[in-house]
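Report on the structure given below.
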Amino acid sequence: MDSRQSDIVTMFNQIAKTYDLANRILSMGIDKLWRKKACNMAFSFYGKEHIEKIVDVACGTGDLMIDWQNVANDNSITIDKIVGIDPSVGMMEVGKTKIKDGIFIEAGAENLPLEDNSADIISISYGIRNVVKRKEGLEEFARVLKPNGLVVILEFTKNDKNDLASKLTRFYMHTIMPVIGGLISGSRDAYIYLPESIDGFITTKEMIKELKDVGLEPIFVKGYSLDMSTTFIARKI
């Protein structure tokens with residue numbers, strides 16, 4: 001594993017036990033709304049009542065895996081298997097306490113231990129910016145997806161705007177988040193890294209290009225909450 005990737009995984013292992021609490025407080029719970037909207041949109045685009053396999057990459061503590069199942073139930077959709085993949089064992093150990101019979105696999109996005117054309121949907125929420133070899137990760141998504149399968153990405157994309165709302169968002173993320181996150185987790189450095197990783201990430205336009213480059217055609221792109229979070233849904237062509 002790349003040394004920078006290894007450092008990121010170690011950081012998430014260290015904050016795993018307090019991650020859910022910190023996330024709920026720092027996002028004021030709105031992240032759950034973003035994820036549920038993404039699940040509903042994906043099911044609508046896919047248009048099938050029976051889905052064989054959903055793979056959640058960088059699954060962390062399993063929140064999106066739970067959302068996939070709950071939203072499927074709400075829409076009378078059956079899912080045979082939901083697989084969570086993450087290089088952080090610490091995060092997945094927390095996930096296993098929330099999803100008793102869940103399937104969790106230790107692996108990185110750039111090296112998925114899955115067969116070609118085997119997944120209906122691949123999702124990654126707030127994790128793609130932590131994938132050091134992002135191009136290889138997107139290529140893996142394209143390889144594993146079935147033809148016409150969907151990739152669903154939720155991420156904090158880089159915001160180059162300089163209006164008041166953007167300034168307030170940056171102030172919150174760079175000044176308030178490290179203090180609150182540090183108090184909850186005991187790791188201020190982790191919550192300094194998170195906003196810095198957003199600043200160093202690509203823009204929405206650049207993400208669209210990277211998806212197209214690997215044969216994933218964006219069919220839905222939308223920013224939420226002053227463009228703080230962006231949802232991408234792309235189809236394998």
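Quick note on naming: the chains in the structure tokens go A, B, ... in the order shown, residues restart at 1 in each chain, and ligands are numbered from 1 in order of appearance.
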- Task: Run DSSP on the backbone and give me the residues of segment 46-220 of chain A it puts in strand (DSSP E or B), as a VMD selection string.
- Result: chain A and resid 50 to 57 78 to 86 103 to 106 119 to 125 145 to 155 216 to 220
Could you please take those selected residues and save N, CA and C atoms as a compact mmCIF listing (two decimals), in the first residue's frame?
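As a result, out_16.txt now contains:
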# COMPACT_ATOMS: atom_id res chain seq x y z
N HIS A 50 -35.34 -6.07 -8.48
CA HIS A 50 -34.46 -7.07 -7.89
C HIS A 50 -33.01 -6.74 -8.25
N ILE A 51 -32.18 -6.59 -7.24
CA ILE A 51 -30.78 -6.24 -7.44
C ILE A 51 -29.92 -7.33 -6.80
N GLU A 52 -28.97 -7.85 -7.56
CA GLU A 52 -28.15 -8.95 -7.05
C GLU A 52 -27.09 -8.46 -6.06
N LYS A 53 -26.36 -7.39 -6.42
CA LYS A 53 -25.25 -6.99 -5.53
C LYS A 53 -24.98 -5.50 -5.59
N ILE A 54 -24.91 -4.91 -4.40
CA ILE A 54 -24.45 -3.53 -4.24
C ILE A 54 -23.13 -3.58 -3.47
N VAL A 55 -22.14 -2.86 -3.95
CA VAL A 55 -20.84 -2.80 -3.29
C VAL A 55 -20.61 -1.38 -2.79
N ASP A 56 -20.40 -1.24 -1.50
CA ASP A 56 -20.11 0.07 -0.92
C ASP A 56 -18.63 0.14 -0.59
N VAL A 57 -17.89 0.95 -1.35
CA VAL A 57 -16.45 1.09 -1.19
C VAL A 57 -16.16 2.20 -0.19
N THR A 78 -35.77 -5.73 -3.73
CA THR A 78 -35.01 -6.77 -3.03
C THR A 78 -33.55 -6.71 -3.46
N ILE A 79 -32.65 -6.86 -2.47
CA ILE A 79 -31.21 -6.89 -2.72
C ILE A 79 -30.67 -8.20 -2.18
N ASP A 80 -30.01 -8.98 -3.04
CA ASP A 80 -29.45 -10.25 -2.59
C ASP A 80 -28.27 -10.06 -1.65
N LYS A 81 -27.41 -9.09 -1.98
CA LYS A 81 -26.17 -8.96 -1.22
C LYS A 81 -25.68 -7.51 -1.24
N ILE A 82 -25.30 -7.01 -0.05
CA ILE A 82 -24.63 -5.71 0.07
C ILE A 82 -23.26 -5.97 0.67
N VAL A 83 -22.21 -5.58 -0.05
CA VAL A 83 -20.84 -5.84 0.38
C VAL A 83 -20.16 -4.53 0.73
N GLY A 84 -19.57 -4.48 1.90
CA GLY A 84 -18.80 -3.31 2.33
C GLY A 84 -17.31 -3.58 2.19
N ILE A 85 -16.59 -2.65 1.57
CA ILE A 85 -15.15 -2.79 1.37
C ILE A 85 -14.45 -1.56 1.90
N ASP A 86 -13.38 -1.76 2.70
CA ASP A 86 -12.65 -0.64 3.28
C ASP A 86 -11.27 -1.13 3.69
N ILE A 103 -21.53 -8.23 5.22
CA ILE A 103 -20.34 -8.74 4.55
C ILE A 103 -19.34 -7.59 4.44
N PHE A 104 -18.19 -7.74 5.10
CA PHE A 104 -17.16 -6.71 5.09
C PHE A 104 -15.85 -7.31 4.59
N ILE A 105 -15.18 -6.60 3.69
CA ILE A 105 -13.92 -7.07 3.12
C ILE A 105 -12.87 -5.98 3.24
N GLU A 106 -11.69 -6.34 3.74
CA GLU A 106 -10.59 -5.39 3.85
C GLU A 106 -9.88 -5.26 2.51
N ALA A 119 -21.25 -6.39 -10.17
CA ALA A 119 -22.03 -5.53 -9.27
C ALA A 119 -23.04 -4.69 -10.05
N ASP A 120 -24.23 -4.58 -9.48
CA ASP A 120 -25.25 -3.71 -10.08
C ASP A 120 -24.95 -2.25 -9.78
N ILE A 121 -24.57 -1.97 -8.53
CA ILE A 121 -24.31 -0.60 -8.09
C ILE A 121 -23.04 -0.61 -7.23
N ILE A 122 -22.17 0.36 -7.46
CA ILE A 122 -21.02 0.59 -6.58
C ILE A 122 -21.16 1.99 -6.03
N SER A 123 -21.04 2.11 -4.72
CA SER A 123 -21.15 3.44 -4.08
C SER A 123 -19.89 3.74 -3.29
N ILE A 124 -19.64 5.03 -3.12
CA ILE A 124 -18.57 5.49 -2.24
C ILE A 124 -18.97 6.85 -1.72
N SER A 125 -19.17 6.97 -0.42
CA SER A 125 -19.63 8.24 0.15
C SER A 125 -18.54 8.85 1.02
N LEU A 145 -18.40 -3.22 -12.26
CA LEU A 145 -19.81 -2.97 -12.57
C LEU A 145 -20.29 -3.80 -13.75
N LYS A 146 -21.55 -4.23 -13.68
CA LYS A 146 -22.20 -4.84 -14.83
C LYS A 146 -22.41 -3.77 -15.91
N PRO A 147 -22.54 -4.17 -17.17
CA PRO A 147 -22.93 -3.20 -18.19
C PRO A 147 -24.24 -2.50 -17.78
N ASN A 148 -24.27 -1.19 -17.90
CA ASN A 148 -25.38 -0.34 -17.48
C ASN A 148 -25.52 -0.21 -15.96
N GLY A 149 -24.56 -0.80 -15.23
CA GLY A 149 -24.56 -0.63 -13.78
C GLY A 149 -24.21 0.80 -13.40
N LEU A 150 -24.47 1.16 -12.16
CA LEU A 150 -24.30 2.54 -11.70
C LEU A 150 -23.21 2.68 -10.65
N VAL A 151 -22.47 3.76 -10.73
CA VAL A 151 -21.59 4.17 -9.64
C VAL A 151 -22.21 5.41 -9.01
N VAL A 152 -22.25 5.42 -7.68
CA VAL A 152 -22.84 6.52 -6.92
C VAL A 152 -21.75 7.09 -6.01
N ILE A 153 -21.41 8.36 -6.24
CA ILE A 153 -20.35 9.00 -5.46
C ILE A 153 -20.93 10.22 -4.75
N LEU A 154 -20.73 10.28 -3.44
CA LEU A 154 -21.03 11.49 -2.68
C LEU A 154 -19.71 12.02 -2.16
N GLU A 155 -19.46 13.30 -2.36
CA GLU A 155 -18.18 13.83 -1.93
C GLU A 155 -18.24 15.33 -1.69
N LEU A 216 -17.41 5.70 -17.54
CA LEU A 216 -18.57 5.88 -16.66
C LEU A 216 -19.23 7.21 -17.03
N GLU A 217 -20.42 7.15 -17.59
CA GLU A 217 -21.08 8.34 -18.11
C GLU A 217 -21.99 8.97 -17.05
N PRO A 218 -21.65 10.18 -16.57
CA PRO A 218 -22.49 10.83 -15.56
C PRO A 218 -23.90 11.09 -16.08
N ILE A 219 -24.90 10.69 -15.30
CA ILE A 219 -26.30 10.91 -15.69
C ILE A 219 -27.01 11.80 -14.67
N PHE A 220 -26.36 12.05 -13.52
CA PHE A 220 -26.94 12.94 -12.50
C PHE A 220 -25.80 13.53 -11.69
- Task: Pick out each residue of segment 127-177 of chain A that DSSP on the backbone tags as helix (DSSP H, G or I); I need them as an NGL selection string.
- Result: :A and (128-130 or 134-144 or 164-177)
Can you pull out every residue within 9 Å of Leu194 of chain A, counting only C-alpha atoms, but drop anything in the same chain fewer than 6 positions away, and send it as a compact mmCIF listing (two decimals) with N, CA and C atoms, in the first residue's frame?
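Written output follows (part-v3.txt):
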# COMPACT_ATOMS: atom_id res chain seq x y z
N MET A 173 -15.34 24.74 8.52
CA MET A 173 -14.57 23.51 8.32
C MET A 173 -13.14 23.62 8.81
N HIS A 174 -12.54 24.81 8.69
CA HIS A 174 -11.14 24.95 9.07
C HIS A 174 -10.95 25.40 10.52
N PRO A 178 -12.14 21.32 13.43
CA PRO A 178 -11.02 20.70 14.14
C PRO A 178 -11.16 20.73 15.67
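Atom CA of Asp7 of chain A is positioned 22.0 Å from atom CA of Ile180 of chain A.
The spacing separating atom CA of Lys17 of chain A from atom CA of Val94 of chain A amounts to 6.7 Å.
Closest approach to Ser229 of chain A among A:Lys100, A:Thr169, A:Gln5, A:Phe12: A:Thr169, based on only C-alpha atoms.
Shortest separation to Val9 of chain A among A:Met91, A:Met177, A:Ile184, A:Ala38 occurs at residue A:Met91, atoms counted being only C-alpha atoms.
One finds atom CA of Ser27 of chain A at 14.4 Å from atom CA of Leu168 of chain A.
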- Item | Residue with smallest distance to Ser76 of chain A - pool A:Glu49, A:Glu136, A:Glu93, A:Glu206, counting only C-alpha atoms | A:Glu49
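Between Ile202 of chain A and the residues A:Tyr224, A:Thr18, A:Asn73, A:Thr157, the shortest atom-to-atom distance, using only C-alpha atoms, involves A:Thr157.
Of the listed residues A:Asn13, A:Leu211, A:Lys36, A:Gln69, the one whose atoms come nearest to Gly137 of chain A is A:Leu211, with distances taken using only C-alpha atoms.
Distances to Gly215 of chain A were evaluated for A:Asn162, A:Ser185, A:Asn40, A:Ala142 using only C-alpha atoms, and the minimum falls at A:Ala142.
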- Message: Taking 5 positions as the minimum chain separation for residues in the same chain, which residues sit within 12 Å of Ile198 of chain A when counting only C-alpha atoms? Answer as number ranges by chain.
- Response: A: 126-130, 155-160, 169-170, 173-174, 191-193, 203-204, 228-230
- Contact residues around Ile30 of chain A with only C-alpha atoms at 9 Å, ignoring same-chain residues under 5 positions, as a PyMOL selection string: chain A and resi 24+35+225
